[in-house]
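Raw model10.txt, compact mmCIF, C-alpha atoms and all ligand atoms:
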```txt
# COMPACT_ATOMS: atom_id res chain seq x y z
CA MET A 1 -24.90 12.98 1.13
CA ALA A 2 -21.18 13.19 0.61
CA ASP A 3 -20.78 11.94 4.15
CA ALA A 4 -22.92 8.86 3.57
CA SER A 5 -21.04 7.85 0.47
CA ARG A 6 -17.78 8.30 2.30
CA ARG A 7 -18.94 6.05 5.11
CA MET A 8 -19.93 3.38 2.63
CA THR A 9 -16.56 3.42 1.01
CA GLU A 10 -14.92 3.08 4.39
CA ALA A 11 -17.08 0.05 5.14
CA GLU A 12 -15.88 -1.46 1.90
CA TYR A 13 -12.36 -0.62 2.86
CA ASP A 14 -12.81 -2.44 6.19
CA ALA A 15 -14.23 -5.45 4.37
CA ALA A 16 -11.21 -5.46 2.10
CA GLU A 17 -8.85 -5.28 5.03
CA THR A 18 -10.57 -8.23 6.71
CA ALA A 19 -10.44 -10.11 3.46
CA TYR A 20 -6.71 -9.41 3.19
CA ALA A 21 -6.10 -10.61 6.72
CA GLU A 22 -8.13 -13.75 6.14
CA SER A 23 -6.48 -14.53 2.86
CA ARG A 24 -3.05 -14.52 4.57
CA SER A 25 -1.54 -14.47 1.15
CA LEU A 26 2.17 -14.32 0.53
CA VAL A 27 1.50 -11.61 -1.99
CA ALA A 28 -0.74 -9.38 0.14
CA ALA A 29 0.71 -5.88 0.19
CA GLU A 30 -0.33 -5.19 3.81
CA ALA A 31 1.95 -6.14 6.67
CA GLU A 32 0.68 -9.20 8.50
CA GLY A 33 0.88 -10.12 12.16
CA ASP A 34 4.29 -9.30 13.58
CA GLU A 35 5.73 -8.61 10.15
CA ARG A 36 6.25 -4.94 11.03
CA ALA A 37 8.88 -5.98 13.58
CA VAL A 38 10.75 -8.06 10.99
CA GLU A 39 10.52 -5.20 8.52
CA ALA A 40 12.10 -2.71 10.89
CA ALA A 41 15.50 -4.30 10.31
CA LEU A 42 15.19 -3.85 6.56
CA ARG A 43 14.08 -0.23 6.43
CA PRO A 44 16.38 2.25 4.72
CA ARG A 45 17.41 4.85 7.32
CA SER A 46 18.23 7.80 5.07
CA LEU A 47 17.05 9.18 1.72
CA ASP A 48 20.32 8.01 0.17
CA GLU A 49 19.55 4.44 1.15
CA VAL A 50 16.09 4.51 -0.44
CA ILE A 51 16.02 2.58 -3.70
CA GLY A 52 13.83 3.76 -6.60
CA GLN A 53 11.14 6.48 -6.37
CA GLU A 54 13.68 8.96 -7.78
CA ARG A 55 11.23 11.80 -8.25
CA VAL A 56 9.76 11.58 -4.75
CA ARG A 57 13.23 11.27 -3.29
CA GLU A 58 14.46 14.38 -5.06
CA GLN A 59 11.35 16.39 -4.19
CA LEU A 60 11.50 15.37 -0.58
CA SER A 61 15.19 16.01 -0.33
CA LEU A 62 14.61 19.60 -1.53
CA VAL A 63 11.78 20.15 0.96
CA LEU A 64 13.95 18.90 3.83
CA GLN A 65 17.09 20.73 2.78
CA ALA A 66 15.20 24.00 2.46
CA ALA A 67 13.61 23.53 5.88
CA ARG A 68 16.98 22.79 7.43
CA GLY A 69 18.36 25.96 5.81
CA ARG A 70 15.52 28.01 7.31
CA GLN A 71 15.85 26.20 10.62
CA ARG A 72 12.11 25.64 10.61
CA PRO A 73 10.12 22.42 10.61
CA PRO A 74 9.31 21.35 7.04
CA ASP A 75 5.82 21.75 5.60
CA HIS A 76 3.32 19.00 6.32
CA VAL A 77 3.85 16.05 4.00
CA LEU A 78 1.26 13.67 2.58
CA LEU A 79 2.51 10.30 1.34
CA ALA A 80 0.01 8.68 -0.99
CA GLY A 81 0.19 5.27 -2.58
CA PRO A 82 -0.64 1.59 -2.30
CA PRO A 83 0.47 -0.41 0.74
CA GLY A 84 4.02 -1.73 1.03
CA LEU A 85 5.72 0.91 -1.13
CA GLY A 86 7.59 2.75 1.63
CA LYS A 87 5.32 5.36 3.24
CA THR A 88 6.21 4.45 6.83
CA THR A 89 9.85 4.20 5.81
CA LEU A 90 9.79 7.73 4.34
CA ALA A 91 8.06 9.14 7.42
CA MET A 92 10.84 7.73 9.59
CA ILE A 93 13.45 9.12 7.23
CA ILE A 94 11.88 12.59 7.32
CA ALA A 95 12.22 12.60 11.11
CA ALA A 96 15.75 11.20 10.97
CA GLU A 97 16.90 13.72 8.35
CA MET A 98 15.49 16.56 10.46
CA SER A 99 17.03 15.02 13.60
CA SER A 100 13.55 15.25 15.11
CA PRO A 101 11.72 12.76 17.29
CA LEU A 102 8.98 10.82 15.51
CA ARG A 103 5.60 10.09 17.01
CA LEU A 104 3.52 7.41 15.38
CA THR A 105 -0.21 6.94 15.33
CA SER A 106 -2.87 5.92 12.86
CA GLY A 107 -6.26 7.13 11.68
CA PRO A 108 -8.24 4.22 13.15
CA ALA A 109 -6.60 4.84 16.56
CA ILE A 110 -7.98 8.39 16.62
CA THR A 111 -11.65 7.79 17.22
CA HIS A 112 -12.38 11.04 19.10
CA ALA A 113 -11.11 14.58 18.80
CA GLY A 114 -9.88 14.09 22.40
CA ASP A 115 -7.48 11.36 21.25
CA LEU A 116 -5.86 13.79 18.86
CA ALA A 117 -5.84 16.62 21.41
CA ALA A 118 -3.96 14.33 23.80
CA ILE A 119 -1.35 13.54 21.16
CA LEU A 120 -0.95 17.15 20.05
CA SER A 121 -0.69 18.54 23.55
CA GLY A 122 2.27 16.25 24.18
CA MET A 123 4.20 17.46 21.13
CA ASN A 124 7.45 19.38 21.36
CA GLU A 125 8.80 21.89 18.86
CA ASN A 126 9.99 20.28 15.58
CA ASP A 127 8.48 16.88 16.39
CA VAL A 128 7.30 14.85 13.41
CA LEU A 129 3.86 13.30 13.85
CA PHE A 130 3.18 10.35 11.56
CA VAL A 131 -0.48 9.47 11.05
CA ASP A 132 -0.81 6.28 9.04
CA GLU A 133 -4.11 5.66 7.23
CA ILE A 134 -5.00 9.27 7.83
CA HIS A 135 -8.18 8.91 5.74
CA ARG A 136 -9.65 6.72 8.48
CA MET A 137 -9.57 9.34 11.21
CA SER A 138 -12.88 10.37 12.79
CA ARG A 139 -14.54 13.49 11.41
CA PRO A 140 -14.27 15.67 14.55
CA ALA A 141 -10.59 14.77 14.88
CA GLU A 142 -10.07 15.67 11.23
CA GLU A 143 -11.55 19.11 11.85
CA MET A 144 -9.34 19.62 14.88
CA LEU A 145 -6.36 18.65 12.75
CA TYR A 146 -7.10 21.35 10.15
CA MET A 147 -6.62 24.02 12.75
CA ALA A 148 -3.58 22.36 14.29
CA MET A 149 -1.90 22.11 10.89
CA GLU A 150 -2.59 25.69 9.92
CA ASP A 151 -2.45 27.70 13.11
CA PHE A 152 -0.64 25.35 15.50
CA ARG A 153 -3.56 25.70 17.85
CA VAL A 154 -6.59 23.62 18.79
CA ASP A 155 -9.75 24.31 20.75
CA VAL A 156 -10.31 21.68 23.39
CA VAL A 157 -13.98 21.50 24.31
CA ILE A 158 -14.66 20.81 27.96
CA GLY A 159 -18.14 19.69 29.02
CA LYS A 160 -21.26 19.16 26.97
CA GLY A 161 -24.31 21.11 25.86
CA PRO A 162 -24.84 24.79 26.71
CA GLY A 163 -22.23 24.69 29.47
CA ALA A 164 -19.46 23.49 27.18
CA THR A 165 -16.44 25.76 26.88
CA ALA A 166 -13.66 25.75 24.34
CA ILE A 167 -10.18 26.19 25.74
CA PRO A 168 -7.60 27.24 23.16
CA LEU A 169 -4.39 25.25 23.31
CA GLU A 170 -1.18 26.38 21.62
CA ILE A 171 0.91 23.66 19.95
CA PRO A 172 4.59 24.13 19.15
CA PRO A 173 5.37 24.10 15.40
CA PHE A 174 5.52 20.49 14.23
CA THR A 175 5.42 18.57 10.97
CA LEU A 176 2.57 16.26 10.18
CA VAL A 177 3.36 13.35 7.89
CA GLY A 178 0.16 11.67 6.76
CA ALA A 179 0.07 8.40 4.85
CA THR A 180 -2.87 7.20 2.84
CA THR A 181 -3.67 4.42 0.43
CA ARG A 182 -6.76 6.40 -0.57
CA ALA A 183 -5.79 9.98 -1.30
CA GLY A 184 -9.16 10.42 -3.01
CA LEU A 185 -10.96 9.80 0.28
CA LEU A 186 -9.29 12.73 2.02
CA PRO A 187 -11.55 15.75 2.30
CA SER A 188 -10.04 18.59 0.31
CA PRO A 189 -9.61 20.95 3.31
CA LEU A 190 -7.28 18.35 4.80
CA ARG A 191 -5.50 17.58 1.52
CA ASP A 192 -4.96 21.30 0.88
CA ARG A 193 -3.16 21.79 4.18
CA PHE A 194 -0.29 19.58 3.16
CA GLY A 195 2.53 21.64 1.66
CA PHE A 196 3.86 18.65 -0.25
CA THR A 197 2.24 15.47 -1.51
CA ALA A 198 4.39 12.56 -2.61
CA HIS A 199 2.76 9.99 -4.86
CA LEU A 200 4.53 6.66 -4.57
CA GLU A 201 4.54 4.44 -7.63
CA PHE A 202 4.96 0.70 -7.99
CA TYR A 203 8.63 -0.23 -8.37
CA GLU A 204 10.40 -1.31 -11.53
CA PRO A 205 11.77 -4.89 -11.47
CA SER A 206 15.34 -3.52 -11.59
CA ASP A 207 14.74 -1.46 -8.43
CA LEU A 208 13.08 -4.41 -6.70
CA GLU A 209 16.08 -6.51 -7.56
CA LEU A 210 18.33 -3.99 -5.80
CA ILE A 211 15.97 -4.03 -2.81
CA VAL A 212 16.12 -7.85 -2.67
CA ARG A 213 19.92 -7.76 -2.83
CA ARG A 214 20.11 -5.14 -0.12
CA SER A 215 17.73 -7.07 2.15
CA ALA A 216 19.62 -10.31 1.50
CA GLY A 217 22.80 -8.56 2.62
CA LEU A 218 21.13 -7.39 5.83
CA LEU A 219 19.65 -10.83 6.53
CA GLY A 220 22.88 -12.62 5.70
CA VAL A 221 21.33 -14.54 2.81
CA GLU A 222 23.60 -15.53 -0.06
CA LEU A 223 21.95 -15.09 -3.40
CA THR A 224 22.90 -14.89 -7.05
CA GLY A 225 21.89 -12.03 -9.34
CA GLU A 226 19.49 -14.33 -11.15
CA GLY A 227 17.99 -15.49 -7.87
CA ALA A 228 17.38 -11.86 -6.87
CA ALA A 229 15.83 -11.06 -10.26
CA GLU A 230 13.51 -14.03 -9.99
CA ILE A 231 12.19 -12.94 -6.58
CA ALA A 232 11.88 -9.34 -7.81
CA SER A 233 9.87 -10.33 -10.87
CA ARG A 234 7.25 -12.10 -8.73
CA SER A 235 6.87 -9.27 -6.22
CA ARG A 236 4.12 -7.21 -7.86
CA GLY A 237 6.15 -4.00 -7.87
CA THR A 238 6.04 -3.93 -4.05
CA PRO A 239 9.09 -3.94 -1.73
CA ARG A 240 7.12 -5.45 1.16
CA ILE A 241 6.21 -8.46 -1.00
CA ALA A 242 9.80 -8.72 -2.30
CA ASN A 243 11.13 -8.85 1.25
CA ARG A 244 8.51 -11.41 2.26
CA LEU A 245 9.24 -13.68 -0.70
CA LEU A 246 12.94 -13.39 0.04
CA ARG A 247 12.35 -14.64 3.60
CA ARG A 248 10.34 -17.62 2.35
CA VAL A 249 12.93 -18.47 -0.30
CA ARG A 250 15.63 -18.20 2.36
CA ASP A 251 13.77 -20.84 4.44
CA TYR A 252 13.66 -23.12 1.45
CA ALA A 253 17.34 -22.60 0.69
CA GLN A 254 18.26 -23.33 4.28
CA VAL A 255 16.19 -26.51 4.64
CA ARG A 256 16.29 -28.02 1.16
CA ALA A 257 19.65 -26.79 -0.16
CA ASP A 258 22.98 -25.37 0.93
CA GLY A 259 21.58 -21.93 1.75
CA THR A 260 22.44 -20.10 -1.49
CA VAL A 261 19.51 -18.68 -3.44
CA THR A 262 20.06 -19.46 -7.12
CA LEU A 263 17.64 -18.98 -10.00
CA ASP A 264 16.62 -22.62 -9.91
CA LEU A 265 16.14 -22.59 -6.17
CA ALA A 266 14.05 -19.40 -6.24
CA HIS A 267 11.93 -21.03 -8.93
CA ARG A 268 11.33 -24.18 -6.94
CA ALA A 269 10.66 -22.32 -3.70
CA LEU A 270 8.18 -19.89 -5.21
CA ASP A 271 6.44 -22.66 -7.11
CA LEU A 272 6.06 -24.47 -3.81
CA TYR A 273 4.54 -21.36 -2.26
CA GLU A 274 2.28 -21.05 -5.30
CA VAL A 275 3.43 -17.61 -6.38
CA ASP A 276 3.75 -17.78 -10.14
CA GLN A 277 6.08 -15.99 -12.55
CA SER A 278 3.86 -12.92 -12.76
CA GLY A 279 3.35 -12.75 -9.00
CA LEU A 280 -0.13 -14.28 -9.09
CA ASP A 281 -1.08 -16.50 -6.17
CA ARG A 282 -3.59 -19.33 -6.00
CA LEU A 283 -6.63 -17.08 -5.58
CA ASP A 284 -5.63 -14.86 -8.52
CA ARG A 285 -5.17 -17.87 -10.74
CA SER A 286 -8.40 -19.55 -9.69
CA VAL A 287 -10.30 -16.36 -10.53
CA LEU A 288 -8.72 -16.28 -14.00
CA ASP A 289 -9.23 -19.99 -14.41
CA ALA A 290 -12.94 -19.82 -13.56
CA LEU A 291 -13.36 -16.77 -15.78
CA CYS A 292 -11.79 -18.46 -18.81
CA ARG A 293 -12.72 -22.10 -18.41
CA ARG A 294 -16.17 -21.85 -16.87
CA PHE A 295 -17.46 -18.61 -18.29
CA GLY A 296 -15.73 -18.57 -21.67
CA GLY A 297 -13.81 -15.42 -20.75
CA GLY A 298 -16.90 -13.49 -19.56
CA PRO A 299 -18.51 -11.11 -19.23
CA VAL A 300 -19.63 -12.49 -15.89
CA GLY A 301 -20.81 -10.73 -12.73
CA VAL A 302 -18.37 -10.56 -9.84
CA SER A 303 -20.77 -12.33 -7.46
CA THR A 304 -21.07 -15.31 -9.80
CA LEU A 305 -17.32 -15.37 -10.21
CA ALA A 306 -16.91 -15.33 -6.41
CA VAL A 307 -19.27 -18.29 -5.98
CA ALA A 308 -17.37 -20.18 -8.66
CA VAL A 309 -14.09 -19.82 -6.77
CA GLY A 310 -15.70 -20.36 -3.36
CA GLU A 311 -14.81 -16.93 -1.99
CA GLU A 312 -16.65 -13.87 -0.72
CA ARG A 313 -17.42 -11.26 -3.34
CA GLU A 314 -15.28 -8.73 -1.40
CA THR A 315 -12.28 -11.05 -1.47
CA VAL A 316 -12.45 -11.40 -5.23
CA GLU A 317 -13.15 -7.71 -5.74
CA GLU A 318 -10.64 -6.22 -3.31
CA VAL A 319 -7.92 -8.85 -2.97
CA ALA A 320 -7.61 -10.51 -6.37
CA GLU A 321 -8.97 -8.05 -8.88
CA PRO A 322 -6.86 -4.92 -8.36
CA PHE A 323 -3.66 -6.73 -9.35
CA LEU A 324 -5.34 -8.63 -12.19
CA VAL A 325 -6.67 -5.34 -13.56
CA ARG A 326 -3.34 -3.60 -13.04
CA THR A 327 -1.50 -6.25 -15.00
CA GLY A 328 -4.05 -6.23 -17.82
CA LEU A 329 -5.32 -9.76 -17.24
CA LEU A 330 -8.87 -8.85 -16.30
CA ALA A 331 -11.15 -5.97 -17.23
CA ARG A 332 -14.08 -4.62 -15.25
CA THR A 333 -16.78 -3.77 -17.79
CA PRO A 334 -20.37 -2.57 -17.45
CA ARG A 335 -21.57 -6.07 -18.29
CA GLY A 336 -19.24 -7.91 -15.95
CA ARG A 337 -15.69 -9.19 -15.67
CA VAL A 338 -13.86 -10.09 -18.85
CA ALA A 339 -10.62 -12.03 -19.40
CA THR A 340 -8.16 -10.30 -21.70
CA PRO A 341 -6.16 -12.21 -24.32
CA ALA A 342 -3.21 -12.00 -21.90
CA ALA A 343 -5.25 -13.92 -19.30
CA TRP A 344 -5.85 -16.77 -21.72
CA GLY A 345 -2.18 -16.73 -22.58
CA HIS A 346 -1.22 -16.75 -18.92
CA LEU A 347 -3.19 -19.95 -18.38
CA GLY A 348 -1.74 -21.49 -21.55
CA LEU A 349 -5.15 -21.43 -23.25
CA THR A 350 -6.30 -20.12 -26.62
CA PRO A 351 -9.23 -17.69 -26.44
CA PRO A 352 -12.29 -18.95 -28.35
CA ALA A 353 -13.20 -16.93 -31.45
CA ASP A 354 -16.29 -15.54 -29.72
CA ALA A 355 -14.49 -14.48 -26.52
CA ALA A 356 -15.67 -11.05 -25.35
CA PHE A 357 -12.31 -9.49 -26.14
CA GLY A 358 -12.19 -11.06 -29.59
CA SER A 359 -15.42 -9.50 -30.80
CA PRO A 360 -15.04 -5.86 -31.74
CA GLY A 361 -18.12 -3.76 -32.27
CA PRO A 362 -21.07 -2.87 -30.10
CA GLY A 363 -20.55 -5.82 -27.75
CA GLN A 364 -17.00 -4.80 -27.02
CA PRO A 365 -16.47 -4.26 -23.31
CA ASP A 366 -15.75 -0.83 -22.00
CA LEU A 367 -12.22 -1.21 -20.71
CA PHE A 368 -12.58 1.76 -18.47
CA GLY A 369 -15.98 0.87 -17.06
CA ASP A 370 -16.12 0.59 -13.32
CA GLU A 371 -18.46 -2.35 -12.93
P1 LIG B 1 4.03 1.30 3.67
O1 LIG B 1 4.10 2.16 4.91
O2 LIG B 1 3.86 2.11 2.41
O3 LIG B 1 3.01 0.20 3.77
P2 LIG B 1 6.69 0.48 4.47
O4 LIG B 1 7.39 1.78 4.55
O5 LIG B 1 6.27 -0.15 5.76
O6 LIG B 1 5.45 0.58 3.48
O7 LIG B 1 7.64 -0.52 3.65
C1 LIG B 1 7.45 -1.92 3.65
C2 LIG B 1 8.79 -2.63 3.60
O8 LIG B 1 9.38 -2.40 2.34
C3 LIG B 1 9.78 -2.17 4.66
O9 LIG B 1 10.42 -3.29 5.22
C4 LIG B 1 10.82 -1.37 3.91
O10 LIG B 1 12.08 -1.69 4.38
C5 LIG B 1 10.69 -1.88 2.49
N1 LIG B 1 10.87 -0.76 1.55
C6 LIG B 1 9.91 0.09 1.14
N2 LIG B 1 10.40 0.99 0.27
C7 LIG B 1 11.70 0.70 0.11
C8 LIG B 1 12.74 1.27 -0.69
N3 LIG B 1 12.51 2.30 -1.51
N4 LIG B 1 13.95 0.73 -0.62
C9 LIG B 1 14.19 -0.34 0.18
N5 LIG B 1 13.24 -0.92 0.95
C10 LIG B 1 12.01 -0.42 0.92
```
As structure tokens, please, write out the structure in this file.
Amino acid sequence: MADASRRMTEAEYDAAETAYAESRSLVAAEAEGDERAVEAALRPRSLDEVIGQERVREQLSLVLQAARGRQRPPDHVLLAGPPGLGKTTLAMIIAAEMSSPLRLTSGPAITHAGDLAAILSGMNENDVLFVDEIHRMSRPAEEMLYMAMEDFRVDVVIGKGPGATAIPLEIPPFTLVGATTRAGLLPSPLRDRFGFTAHLEFYEPSDLELIVRRSAGLLGVELTGEGAAEIASRSRGTPRIANRLLRRVRDYAQVRADGTVTLDLAHRALDLYEVDQSGLDRLDRSVLDALCRRFGGGPVGVSTLAVAVGEERETVEEVAEPFLVRTGLLARTPRGRVATPAAWGHLGLTPPADAAFGSPGPGQPDLFGDE
């Protein structure tokens, strides 16, 4: 039963990923195409270079310092949080700070226990193994990983049926760094085997501004403080988006101006790319627009809303809604989606007196409802 529901959620996750890829939005938090290669140049290389996430940085620094003192590999680390906040970056830093080689793989790449056995059998003492999207690993591989994490040993099964034999394989002590956008999807035996879990939070605008300035320095882009603040404020609390917007604004500055990113230039460039002052893109705004103008602010079912904006239900639900909900512009209620007063304000509209949010009492939407 638990298994079935887990599979369903994964299917939804896949749908969301496809939707992200198809939307090719400037404000998608996932890396797109060859973006990972561009990002490599911008990654902080040590904990000191990491901007923001003070608590995680301090916790992690203690874990690493203590391990160095004991001359042992650090405990396994789980990095949990939305995409684009620095999980891969931190994994690389953990390896660098321990002066250990890093091996990278991802959950979807490990489809059989054999895939994992092959990786583990090639590990050397103190290696750091980074498994991105660890919640998407196959079940048998997950079970093999429990044992590897705890006992530094796996049983490799050779053959099938009654003749199958399990050959124990010792693995040198290593550190697993798992990253997940869905910590809740991890089975608890796996979660419990991590000695330290870091929860990454969305970044404050002031931290994003520092990130934009740092990246501009590395890319050789001249920008004013106001220009940096403008890009930061439209980046949805996410360094990956901040860096992406910076690259697009740089293009604009290079082609349409003298190359310096000022406040006015950042404004014009981001307006051209249709990323508004709150970081909403065209899809986000058309969802809000349909909700307010066509459905009087709701409540309206998500499928109807999707038809109204000419998108798949999954795209509206997984691509647009999370940020709209996070910023308090849209609420998911038991009776459907509802625009908040802030949504009306964002579109420059006045909510009608009978808007769902304006009518307290029994009809009032349940802000914390899931549907
Ligand atoms: P994730 O693995 O969580 O999706 P990444 O580690 O790949 O995110 O980070 C995405 C981009 O954002 C990288 O280019 C990285 O340089 C940048 N970045 C993330 N966190 C920070 C930070 N704290 N300071 C500076 N840059 C950051």
Query raised in the report: Smallest atom-to-atom distance to ligand LIG 1 (chain B): which of A:Asp251, A:Glu222, A:Glu142, A:Glu204, using all atoms listed in the file?
Result: A:Glu204
Query raised in the report: Counting all atoms listed in the file, which of A:Gly217, A:Gly178, A:Gly227, A:Pro239 gets nearest to ligand LIG 1 (chain B)?
Result: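 Answer, going by the shortest atom-to-atom distance: A:Pro239.
The shortest atom-to-atom distance to Arg337 in chain A, with all atoms listed in the file taken into account, belongs to A:Val300 out of A:Val38, A:Val287, A:Val300, A:Ile93.
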Query raised in the report: Which distance in Å separates CA of Thr89 in chain A and CA of Met137 in chain A, to one decimal?
Result: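 Taking CA of Thr89 in chain A as the start and CA of Met137 in chain A as the end point, the length is 20.8 Å.
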Query - Spatial neighbours of Pro172 in chain A, 8 Å, all atoms listed in the file, chain gap at least 2 places, as a list of chain:residue names - result: A:Met123, A:Asn124, A:Glu125, A:Asn126, A:Phe152, A:Glu170, A:Phe174
**Report entry** Expected answer as a PyMOL selection string: all residues with atoms within 12 Å of (20.1, -5.4, 3.1), all atoms listed in the file
**Finding:** chain A and resi 39-45+49-51+209-223+243+246
Query raised in the report: Of the residues A:Ile134, A:Ile110, A:Val177, A:Ala331, which is the one nearest to Ile94 in chain A, using only C-alpha atoms?
Result: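 Under the stated criterion, the closest residue is A:Val177.
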Requested in this report: Considering only C-alpha atoms, return as JSON, numbers by chain whatever protein or nucleic-acid residues lie within 10 Å of His346 in chain A, sequence-local ones (same chain, fewer than 5 positions apart) excluded.
Outcome: {"A": [277, 278, 285, 288, 289, 329, 340, 341]}
